[in-house]
Every structure is written in C-alpha cells, then in structure tokens.
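Novice: Sharing model_30.cif below, mmCIF, C-alpha atoms:
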data_my_file
loop_
_atom_site.label_atom_id
_atom_site.label_comp_id
_atom_site.auth_asym_id
_atom_site.auth_seq_id
_atom_site.Cartn_x
_atom_site.Cartn_y
_atom_site.Cartn_z
CA MET A 1330 -33.41 -19.56 -16.64
CA ARG A 1331 -30.20 -17.77 -17.62
CA ASN A 1332 -30.30 -15.81 -14.39
CA LEU A 1333 -30.79 -18.95 -12.31
CA PHE A 1334 -27.75 -20.62 -13.87
CA ALA A 1335 -25.74 -17.41 -13.57
CA PHE A 1336 -26.60 -17.40 -9.86
CA ILE A 1337 -25.58 -21.07 -9.47
CA ALA A 1338 -22.29 -20.49 -11.33
CA GLY A 1339 -21.60 -17.41 -9.24
CA GLY A 1340 -22.38 -19.27 -6.02
CA LEU A 1341 -20.12 -22.17 -6.95
CA PHE A 1342 -17.37 -19.71 -7.89
CA GLY A 1343 -17.69 -17.87 -4.58
CA ALA A 1344 -17.77 -21.13 -2.61
CA GLY A 1345 -14.67 -22.36 -4.48
CA LEU A 1346 -12.83 -19.14 -3.67
CA LEU A 1347 -13.64 -19.60 0.02
CA VAL A 1348 -12.80 -23.33 0.16
CA SER A 1349 -9.53 -22.86 -1.77
CA GLY A 1350 -8.35 -20.19 0.66
CA MET A 1351 -8.09 -17.49 -2.03
CA VAL A 1352 -10.06 -15.11 0.18
CA ASP A 1353 -7.09 -15.26 2.58
CA THR A 1354 -4.69 -12.52 1.51
CA THR A 1355 -1.73 -14.24 3.20
CA LYS A 1356 -2.08 -17.19 0.80
CA VAL A 1357 -1.98 -14.94 -2.25
CA GLN A 1358 0.86 -12.84 -0.89
CA GLY A 1359 2.62 -16.03 0.24
CA TRP A 1360 2.58 -17.19 -3.39
CA LEU A 1361 3.82 -13.87 -4.77
CA ASP A 1362 6.49 -13.36 -2.09
CA VAL A 1363 9.29 -15.46 -3.50
CA PHE A 1364 11.68 -14.03 -0.87
CA GLY A 1365 9.44 -14.98 2.08
CA ALA A 1366 7.79 -18.18 3.33
CA TRP A 1367 6.63 -19.31 -0.09
CA ASP A 1368 3.11 -20.78 -0.28
CA PRO A 1369 2.30 -22.96 -3.32
CA THR A 1370 -1.50 -23.16 -2.71
CA LEU A 1371 -2.36 -20.78 -5.56
CA ALA A 1372 -0.80 -23.14 -8.11
CA PHE A 1373 -3.11 -25.95 -6.96
CA VAL A 1374 -6.13 -23.66 -7.19
CA MET A 1375 -5.20 -22.49 -10.69
CA GLY A 1376 -4.40 -26.05 -11.79
CA GLY A 1377 -7.65 -27.42 -10.36
CA ALA A 1378 -9.61 -24.80 -12.28
CA VAL A 1379 -7.67 -24.77 -15.56
CA VAL A 1380 -7.30 -28.52 -16.22
CA PRO A 1381 -11.05 -29.36 -16.30
CA MET A 1382 -11.68 -26.16 -18.27
CA VAL A 1383 -9.38 -27.42 -21.05
CA PHE A 1384 -11.88 -30.23 -21.68
CA VAL A 1385 -14.89 -27.93 -21.26
CA TRP A 1386 -13.51 -25.61 -23.96
CA ARG A 1387 -13.03 -28.57 -26.35
CA LEU A 1388 -16.63 -29.64 -25.80
CA ALA A 1389 -17.95 -26.09 -26.05
CA ASP A 1390 -16.05 -25.30 -29.25
CA ARG A 1391 -17.22 -28.57 -30.82
CA ARG A 1392 -20.87 -27.85 -29.96
CA GLY A 1393 -20.58 -24.21 -31.06
CA ARG A 1394 -23.63 -23.28 -28.98
CA ALA A 1395 -24.40 -23.16 -25.28
CA VAL A 1396 -27.30 -25.17 -23.83
CA LEU A 1397 -29.50 -22.05 -23.63
CA GLY A 1398 -28.80 -21.27 -27.29
CA ASP A 1399 -26.15 -18.57 -27.20
CA PRO A 1400 -23.11 -18.96 -29.45
CA ILE A 1401 -19.86 -19.93 -27.72
CA PRO A 1402 -17.61 -16.82 -27.78
CA ARG A 1403 -15.09 -16.90 -30.61
CA PRO A 1404 -11.40 -17.09 -29.65
CA GLN A 1405 -9.69 -13.70 -29.38
CA PRO A 1406 -7.09 -13.00 -32.06
CA PRO A 1407 -3.60 -13.57 -30.60
CA LEU A 1408 -3.02 -9.84 -30.25
CA VAL A 1409 -0.71 -8.64 -27.51
CA ASP A 1410 -1.10 -4.89 -27.17
CA ARG A 1411 -0.03 -2.24 -24.74
CA ASN A 1412 -3.32 -2.24 -22.86
CA LEU A 1413 -3.04 -5.95 -22.09
CA VAL A 1414 0.49 -5.58 -20.71
CA VAL A 1415 0.09 -2.26 -18.88
CA GLY A 1416 -3.34 -3.19 -17.49
CA SER A 1417 -2.10 -6.55 -16.22
CA LEU A 1418 0.94 -4.95 -14.57
CA LEU A 1419 -1.28 -2.39 -12.78
CA PHE A 1420 -3.77 -5.06 -11.74
CA GLY A 1421 -0.95 -7.30 -10.51
CA ALA A 1422 0.54 -4.49 -8.43
CA GLY A 1423 -2.78 -3.92 -6.64
CA TRP A 1424 -3.27 -7.67 -6.22
CA GLY A 1425 0.20 -7.97 -4.69
CA ILE A 1426 -0.03 -5.18 -2.14
CA ALA A 1427 -3.51 -6.13 -0.82
CA GLY A 1428 -3.71 -9.83 -1.72
CA LEU A 1429 -7.17 -9.65 -3.30
CA CYS A 1430 -8.25 -9.94 -6.94
CA PRO A 1431 -11.81 -9.18 -8.14
CA GLY A 1432 -13.41 -12.62 -7.51
CA PRO A 1433 -12.18 -13.13 -3.93
CA ALA A 1434 -12.82 -9.44 -3.17
CA LEU A 1435 -16.52 -10.02 -3.89
CA ALA A 1436 -16.61 -13.41 -2.15
CA GLN A 1437 -15.22 -11.94 1.11
CA LEU A 1438 -17.61 -8.96 1.16
CA SER A 1439 -19.95 -10.50 3.77
CA PHE A 1440 -17.26 -11.34 6.32
CA GLY A 1441 -14.20 -9.27 5.36
CA GLY A 1442 -14.90 -6.28 7.63
CA TRP A 1443 -14.53 -2.61 6.73
CA GLN A 1444 -11.17 -3.31 5.10
CA GLY A 1445 -12.70 -5.69 2.57
CA ALA A 1446 -15.61 -3.35 1.88
CA LEU A 1447 -13.23 -0.41 1.37
CA PHE A 1448 -11.19 -2.48 -1.09
CA VAL A 1449 -14.33 -3.32 -3.13
CA ALA A 1450 -15.44 0.33 -3.11
CA ALA A 1451 -12.02 1.44 -4.39
CA MET A 1452 -12.04 -1.33 -7.01
CA VAL A 1453 -15.48 -0.26 -8.28
CA ALA A 1454 -14.28 3.36 -8.41
CA GLY A 1455 -11.25 2.21 -10.42
CA MET A 1456 -13.53 0.35 -12.82
CA ALA A 1457 -15.66 3.48 -13.21
CA VAL A 1458 -12.71 5.69 -14.22
CA ALA A 1459 -10.95 3.01 -16.30
CA PRO A 1460 -12.68 3.87 -19.62
CA SER A 1461 -11.52 7.51 -19.47
CA LEU A 1462 -8.00 6.47 -18.43
CA ARG A 1463 -7.91 4.05 -21.32
CA GLY A 1464 -8.95 6.88 -23.64
CA LEU A 1465 -6.18 9.05 -22.22
CA LEU A 1466 -3.62 6.28 -22.79
CA ASP A 1467 -4.81 5.93 -26.38
CA ARG A 1468 -4.45 9.68 -27.04
CA VAL A 1469 -0.96 9.90 -25.53
CA ASP A 1470 0.23 6.94 -27.52
CA ARG A 1471 -1.39 7.80 -30.84
CA PRO A 1472 1.30 7.83 -33.53
CA MET A 1473 1.97 11.18 -35.19
CA PRO A 1474 0.48 11.51 -38.69
CA GLN A 1475 2.88 10.23 -41.29
CA GLN A 1476 4.52 13.04 -43.25
CA ASP A 1477 5.29 12.14 -46.79
CA ALA A 1478 8.28 13.87 -48.30
CA MET B 312 -1.23 -26.16 6.98
CA GLU B 313 -0.31 -29.49 5.34
CA GLN B 314 -3.80 -29.86 3.91
CA ASP B 315 -3.90 -26.38 2.40
CA TRP B 316 -2.94 -27.62 -1.03
CA ILE B 317 -5.73 -30.25 -0.98
CA TRP B 318 -8.32 -27.59 -0.16
CA GLY B 319 -6.72 -25.41 -2.82
CA LEU B 320 -7.23 -28.19 -5.34
CA VAL B 321 -10.83 -28.85 -4.21
CA GLY B 322 -11.67 -25.14 -4.36
CA GLY B 323 -9.91 -24.87 -7.72
CA LEU B 324 -12.05 -27.71 -9.11
CA MET B 325 -15.16 -25.87 -7.87
CA ILE B 326 -13.99 -22.70 -9.62
CA GLY B 327 -13.38 -24.73 -12.80
CA ALA B 328 -16.86 -26.29 -12.51
CA ALA B 329 -18.39 -22.82 -12.13
CA ALA B 330 -16.55 -21.55 -15.21
CA GLY B 331 -17.57 -24.66 -17.15
CA LEU B 332 -21.22 -24.32 -16.17
CA TYR B 333 -21.33 -20.63 -17.10
CA LEU B 334 -19.74 -21.40 -20.47
CA LEU B 335 -21.71 -24.52 -21.40
CA VAL B 336 -25.12 -23.34 -20.19
CA ASN B 337 -25.04 -19.54 -20.58
CA GLY B 338 -22.39 -19.31 -23.29
CA ARG B 339 -20.41 -16.74 -21.31
CA ILE B 340 -16.83 -16.46 -20.15
CA MET B 341 -16.61 -16.36 -16.38
CA GLY B 342 -14.45 -13.33 -15.65
CA ALA B 343 -15.13 -11.57 -12.37
CA SER B 344 -13.72 -8.19 -13.43
CA GLY B 345 -15.59 -8.23 -16.75
CA ILE B 346 -18.93 -9.22 -15.22
CA LEU B 347 -18.69 -6.51 -12.54
CA GLY B 348 -16.94 -3.92 -14.71
CA GLY B 349 -19.57 -4.17 -17.45
CA LEU B 350 -22.20 -3.18 -14.89
CA VAL B 351 -20.07 -0.38 -13.44
CA ASP B 352 -19.28 1.37 -16.74
CA GLY B 353 -22.57 0.48 -18.44
CA THR B 354 -21.07 -1.49 -21.36
CA GLY B 355 -22.81 -4.68 -20.19
CA ARG B 356 -26.24 -3.20 -19.52
CA ARG B 357 -27.92 -5.50 -22.05
CA GLU B 358 -27.19 -8.65 -20.02
CA GLY B 359 -27.45 -6.72 -16.76
CA ALA B 360 -29.77 -9.16 -14.97
CA GLU B 361 -27.55 -12.15 -15.77
CA ARG B 362 -24.47 -10.30 -14.52
CA LEU B 363 -26.27 -9.24 -11.37
CA ALA B 364 -27.48 -12.81 -10.71
CA PHE B 365 -23.88 -14.07 -10.99
CA LEU B 366 -22.59 -11.40 -8.61
CA VAL B 367 -25.35 -12.12 -6.08
CA GLY B 368 -24.21 -15.75 -6.11
CA VAL B 369 -20.56 -14.84 -5.56
CA ILE B 370 -21.37 -12.50 -2.68
CA ALA B 371 -24.24 -14.35 -0.98
CA VAL B 372 -23.19 -18.02 -1.09
CA PRO B 373 -19.82 -17.92 0.78
CA PRO B 374 -21.39 -16.67 4.06
CA ILE B 375 -23.59 -19.81 4.06
CA LEU B 376 -20.40 -21.91 4.25
CA VAL B 377 -18.53 -19.70 6.71
CA PRO B 378 -20.06 -21.38 9.83
CA LEU B 379 -18.35 -24.63 8.76
CA TYR B 380 -15.01 -23.05 9.60
CA THR B 381 -13.73 -22.22 13.05
CA VAL B 382 -12.04 -19.07 11.81
CA VAL B 383 -12.41 -17.24 8.52
CA ASP B 384 -9.97 -14.38 8.35
CA THR B 385 -8.89 -12.59 5.21
CA HIS B 386 -5.83 -11.23 7.09
CA ILE B 387 -6.13 -8.07 5.02
CA THR B 388 -4.12 -5.03 6.06
CA SER B 389 -5.83 -2.27 8.07
CA ASN B 390 -3.80 0.42 6.34
CA ALA B 391 -6.57 2.35 4.54
CA VAL B 392 -4.11 4.03 2.14
CA VAL B 393 -2.77 0.66 0.98
CA ILE B 394 -6.32 -0.73 0.63
CA VAL B 395 -7.58 2.20 -1.46
CA LEU B 396 -4.46 2.27 -3.66
CA ALA B 397 -4.67 -1.49 -4.21
CA GLY B 398 -8.40 -1.41 -4.98
CA LEU B 399 -7.96 1.42 -7.51
CA LEU B 400 -5.08 -0.41 -9.21
CA VAL B 401 -7.09 -3.64 -9.42
CA GLY B 402 -10.17 -1.86 -10.78
CA VAL B 403 -8.30 0.22 -13.38
CA GLY B 404 -5.83 -2.52 -14.36
CA THR B 405 -8.34 -5.30 -14.91
CA ARG B 406 -10.54 -3.10 -17.08
CA ILE B 407 -7.64 -1.82 -19.20
CA ALA B 408 -6.32 -5.38 -19.61
CA ASN B 409 -9.86 -6.67 -20.16
CA GLY B 410 -9.62 -9.44 -17.59
CA CYS B 411 -8.23 -10.74 -14.33
CA THR B 412 -7.25 -14.03 -12.71
CA SER B 413 -10.57 -15.69 -13.60
CA GLY B 414 -11.09 -14.40 -17.14
CA HIS B 415 -7.52 -14.31 -18.48
CA GLY B 416 -6.15 -16.87 -16.01
CA VAL B 417 -8.72 -19.65 -15.66
CA CYS B 418 -10.76 -19.21 -18.86
CA GLY B 419 -8.03 -17.80 -21.14
CA MET B 420 -5.16 -20.16 -20.38
CA SER B 421 -7.42 -23.23 -20.53
CA ARG B 422 -8.30 -22.25 -24.12
CA PHE B 423 -4.57 -21.83 -24.85
CA SER B 424 -5.21 -18.15 -25.56
CA LEU B 425 -2.03 -16.14 -26.06
CA ARG B 426 -3.64 -13.11 -24.40
CA GLY B 427 -4.51 -15.22 -21.36
CA PHE B 428 -0.91 -16.40 -20.94
CA VAL B 429 0.58 -12.93 -21.52
CA ALA B 430 -1.82 -11.32 -19.03
CA THR B 431 -1.00 -13.99 -16.44
CA VAL B 432 2.75 -13.48 -16.84
CA PHE B 433 2.38 -9.72 -16.39
CA TYR B 434 -0.02 -9.74 -13.44
CA LEU B 435 2.20 -12.25 -11.65
CA LEU B 436 5.20 -10.05 -12.45
CA GLY B 437 3.39 -6.89 -11.28
CA GLY B 438 2.21 -8.64 -8.12
CA GLY B 439 5.61 -10.09 -7.26
CA LEU B 440 7.43 -6.79 -7.86
CA ALA B 441 4.90 -4.70 -5.91
CA LEU B 442 4.87 -7.09 -2.97
CA VAL B 443 8.65 -7.48 -2.76
CA LEU B 444 9.09 -3.70 -3.09
CA GLY B 445 6.38 -2.94 -0.52
CA ARG B 446 7.37 -5.61 1.99
CA HIS B 447 11.13 -6.09 1.73
CA VAL B 448 12.32 -2.73 0.42
CA LEU B 449 9.86 -0.14 1.79
CA GLY B 450 8.53 -2.29 4.64
CA VAL B 451 4.99 -0.89 4.43
CA ILE B 452 3.03 -4.13 3.83
#
Could the structure of this file be written out as structure tokens, please?
Specialist:
Amino acid sequence: MRNLFAFIAGGLFGAGLLVSGMVDTTKVQGWLDVFGAWDPTLAFVMGGAVVPMVFVWRLADRRGRAVLGDPIPRPQPPLVDRNLVVGSLLFGAGWGIAGLCPGPALAQLSFGGWQGALFVAAMVAGMAVAPSLRGLLDRVDRPMPQQDA
Amino acid sequence: MEQDWIWGLVGGLMIGAAAGLYLLVNGRIMGASGILGGLVDGTGRREGAERLAFLVGVIAVPPILVPLYTVVDTHITSNAVVIVLAGLLVGVGTRIANGCTSGHGVCGMSRFSLRGFVATVFYLLGGGLALVLGRHVLGVI
C-alpha cells in the first residue's frame, strides 16, 4: 500500500515537473539569469506548489498521523548551520550552470539524451561521496579544545 | 510563450498535490534529493522499497505524457565537463544541505521552516552567481 502511494506521488511529481516546464533548462536558467531575458515561470511553479502545501501542513500537523499510520515528521529546530548554507550554495551553483535540480533530473531521464543521463550519473556520484565530504568539513571546522588558564 | 506561466502554475499545483499526498498518506516529506540520496548512501535502506517506488514513478510517468507535446527538449548543454561538474555539485550540495528545491523549497517553506527559507535564499544566490559568472563573465554556458 505504501509503495503504491509512493509510486502515485512520484508519478504526479514527475508529471508536474514536465507540465510546468521545469525539465527545460532554459526556463530555470532564464529565472536565475537576472541580466538576460528574465523568465518568471519558476515563481509560478513554486507558488502553485507551496500555497496548497501550507494548508496540507496545517491539516497534517493537526491530525498528527498520516493515513497509513506513520507519525507526521516533527518540525526541524530553527537551526541555521554551516552545512545548510554551504551545501545550498554548492547545490545552487550546479543548478545554475546546468539548469537541472534533482527532481527534474530524474523526470527527464527517459527523454533527456546522453546529456541528461550523464548529469544524473554525476549527481548520484556526488551523493555517494557527500557523506565523506561532510565528515571532512566537520573535521576541518572542529573548534580547538578550550585551554583553561 | 505567453501561456508558460499558466502551465507553470498547473504543473506547480500537481507538484504540490504530490507532496501533499506523500505527506498525508505516507507521512513522508517529498524531497527528491533525500529520497534518492538515502538509497545512494544507504542511510534510507529501511524504507528502501517505498523510496524506490517513488523514484520509479518520477522516472516512468513523464514519458507517458511526452507524446502529448510536439517537442520536448531539455535544452541542456552538450559540454560534458559542465554537465559532470554541475551534477557533482548538485549531488554533494543537496546532501550536505539535507535538501533541494522540493524538500527545502516546496515542503520546507510551506511549513514556514526557517531552514527551508535559508536554503532557498542560498541556492538561488548560488545559482544566480554561478550562471551570471559562467554566462556573462566567462562565456562558457
């Protein structure tokens, strides 16, 4: 049952990414390129997705449990750390130069040619090495032991 | 071209419906990088089948709709160096930040999560800077 609904949600997500035009890298780059022919489509996509989700979250948090019995994930503490900022900057840079983020990259796999497949392969490789890179970041940034006088 | 924003809105509503369904029925946050990344690095092995079912949907359903369009072109660059660099950055960055446009953007901001807003500001900033640098300064994109 869970797998069936996961498949339906995934299919609807993929279809939405295709219909919205987010699989078209020129739309994404057109949004990010404030010095070029600016394309506002991405704002409509984000708005169309976020506004209904505001009400879904209210309902979900009130119910406390999902239909299939799992607890609704608790809100994350409002903690802004280095990983959130550095990771988002790196992700954004890759998103900007190719025009694909993870969802659309998967959605375009069947028709995106060798270029799209190569992007997904590189993205998966990046995800595979990310845990060790994160560990490296943590070691470099670890504060020196406090020395008491 | 004039109707692009309407299709953007329609597609956006579909993405929101998908996120809502996944949350209300399965009790999970719909984040593409987290669902895939958890399978890649093994941290999400416990709900592996559910993750895989979601990914099969994302990959296998769009081609059913493609024949409805006269042309479907991602217009992606054919510069393999740019593609590999971009893919690595997206893979590493989303896993270090713990989310991407769907998880932090769609699901985070709609819950008024501070982390969702901060991530969105910084990936937009990173994307804008990288694109402007690559296109208008270096001229490689």
Novice: Counting all atoms listed in the file, which residues sit no farther than 8 Å from the position (9.6, -10.0, -5.0) in the file's frame? I'd like them as a list in words.
Specialist: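 With a cut-off of 8 Å, the residues come to Leu1361, Asp1362, Val1363 and Phe1364 of chain A; Gly439, Leu440, Ala441, Leu442, Val443, Leu444 and His447 of chain B.
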Novice: Using all atoms listed in the file and a cut-off of 6 Å, which residues of chain B sit close to chain A? Please list them as a PyMOL selection string.
Specialist: chain B and resi 316+318-320+322-327+329+331+333+335-338+343-344+348+351-352+361+364-365+368-370+372-373+385-387+394-395+397-405+407-408+417+421+425+430+433-435+437-439+441-442
Novice: Please report the interatomic distance between CA of Gly445 (chain B) and CA of Val393 (chain B) in Å with one decimal.
Specialist: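 Distance between the two atoms: 9.9 Å.
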Novice: Is it possible to get the axis-aligned box enclosing region 349-364 of chain B (all listed atoms, 4 Å extra per side) as lines of an AutoDock Vina configuration file, with centre and edge lengths in Å rounded to one decimal?
Specialist:
center_x = -24.5
center_y = -5.7
center_z = -16.4
size_x = 18.5
size_y = 22.2
size_z = 19.3
Novice: Enter the distance from CA of Gly414 (chain B) to CA of Met341 (chain B), in Å, rounded to one decimal.
Specialist: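 For CA of Gly414 (chain B) relative to CA of Met341 (chain B), the distance reads 5.9 Å.
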Novice: Just how far from CA of Leu449 (chain B) is CA of Arg406 (chain B), in Å to one decimal?
Specialist: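 Pair CA of Arg406 (chain B) / CA of Leu449 (chain B) returns 27.9 Å.
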Novice: Since the input is missing atoms for region 369-390 of chain B, could you rebuild it with N, CA, C and O atoms and give the result as a CSV table (one decimal), in the frame of the given file?
Specialist:
chain,number,residue,atom,x,y,z
B,369,VAL,N,-21.9,-14.9,-6.1
B,369,VAL,CA,-20.6,-14.8,-5.6
B,369,VAL,C,-20.6,-14.2,-4.2
B,369,VAL,O,-19.8,-14.7,-3.3
B,370,ILE,N,-21.4,-13.2,-4.0
B,370,ILE,CA,-21.4,-12.5,-2.7
B,370,ILE,C,-22.2,-13.2,-1.6
B,370,ILE,O,-21.7,-13.3,-0.4
B,371,ALA,N,-23.3,-13.8,-2.0
B,371,ALA,CA,-24.2,-14.4,-1.0
B,371,ALA,C,-24.0,-15.8,-0.6
B,371,ALA,O,-24.5,-16.2,0.5
B,372,VAL,N,-23.4,-16.6,-1.4
B,372,VAL,CA,-23.2,-18.0,-1.1
B,372,VAL,C,-22.1,-18.3,-0.1
B,372,VAL,O,-22.2,-19.1,0.8
B,373,PRO,N,-20.9,-17.6,-0.2
B,373,PRO,CA,-19.8,-17.9,0.8
B,373,PRO,C,-20.2,-17.8,2.2
B,373,PRO,O,-19.9,-18.7,3.0
B,374,PRO,N,-21.0,-16.7,2.6
B,374,PRO,CA,-21.4,-16.7,4.1
B,374,PRO,C,-22.2,-17.9,4.6
B,374,PRO,O,-22.2,-18.2,5.8
B,375,ILE,N,-22.9,-18.6,3.6
B,375,ILE,CA,-23.6,-19.8,4.1
B,375,ILE,C,-22.6,-20.9,4.5
B,375,ILE,O,-22.9,-21.7,5.4
B,376,LEU,N,-21.4,-20.9,3.9
B,376,LEU,CA,-20.4,-21.9,4.2
B,376,LEU,C,-19.5,-21.5,5.4
B,376,LEU,O,-18.8,-22.3,6.0
B,377,VAL,N,-19.5,-20.2,5.7
B,377,VAL,CA,-18.5,-19.7,6.7
B,377,VAL,C,-18.7,-20.4,8.1
B,377,VAL,O,-17.7,-20.7,8.7
B,378,PRO,N,-19.9,-20.7,8.5
B,378,PRO,CA,-20.1,-21.4,9.8
B,378,PRO,C,-19.4,-22.7,9.9
B,378,PRO,O,-19.1,-23.3,11.0
B,379,LEU,N,-19.0,-23.3,8.8
B,379,LEU,CA,-18.4,-24.6,8.8
B,379,LEU,C,-16.9,-24.5,9.2
B,379,LEU,O,-16.3,-25.5,9.6
B,380,TYR,N,-16.4,-23.3,9.2
B,380,TYR,CA,-15.0,-23.0,9.6
B,380,TYR,C,-14.9,-22.5,11.0
B,380,TYR,O,-15.8,-21.7,11.4
B,381,THR,N,-13.9,-22.8,11.7
B,381,THR,CA,-13.7,-22.2,13.0
B,381,THR,C,-13.4,-20.7,12.9
B,381,THR,O,-13.9,-19.9,13.7
B,382,VAL,N,-12.4,-20.5,12.0
B,382,VAL,CA,-12.0,-19.1,11.8
B,382,VAL,C,-12.0,-18.8,10.3
B,382,VAL,O,-11.5,-19.6,9.5
B,383,VAL,N,-12.6,-17.7,9.9
B,383,VAL,CA,-12.4,-17.2,8.5
B,383,VAL,C,-11.9,-15.8,8.6
B,383,VAL,O,-12.5,-14.9,9.1
B,384,ASP,N,-10.6,-15.7,8.3
B,384,ASP,CA,-10.0,-14.4,8.4
B,384,ASP,C,-9.3,-14.1,7.0
B,384,ASP,O,-8.5,-14.9,6.5
B,385,THR,N,-9.6,-12.9,6.5
B,385,THR,CA,-8.9,-12.6,5.2
B,385,THR,C,-7.5,-12.1,5.5
B,385,THR,O,-6.7,-11.9,4.5
B,386,HIS,N,-7.2,-11.8,6.7
B,386,HIS,CA,-5.8,-11.2,7.1
B,386,HIS,C,-5.4,-10.0,6.3
B,386,HIS,O,-4.3,-9.8,6.0
B,387,ILE,N,-6.4,-9.2,5.8
B,387,ILE,CA,-6.1,-8.1,5.0
B,387,ILE,C,-5.6,-7.0,5.9
B,387,ILE,O,-5.9,-6.9,7.1
B,388,THR,N,-4.7,-6.1,5.3
B,388,THR,CA,-4.1,-5.0,6.1
B,388,THR,C,-5.2,-4.1,6.5
B,388,THR,O,-6.3,-4.0,6.0
B,389,SER,N,-4.9,-3.3,7.6
B,389,SER,CA,-5.8,-2.3,8.1
B,389,SER,C,-5.3,-0.9,7.7
B,389,SER,O,-5.9,0.1,8.1
B,390,ASN,N,-4.3,-0.9,6.8
B,390,ASN,CA,-3.8,0.4,6.3
B,390,ASN,C,-4.7,0.9,5.2
B,390,ASN,O,-4.7,0.4,4.1
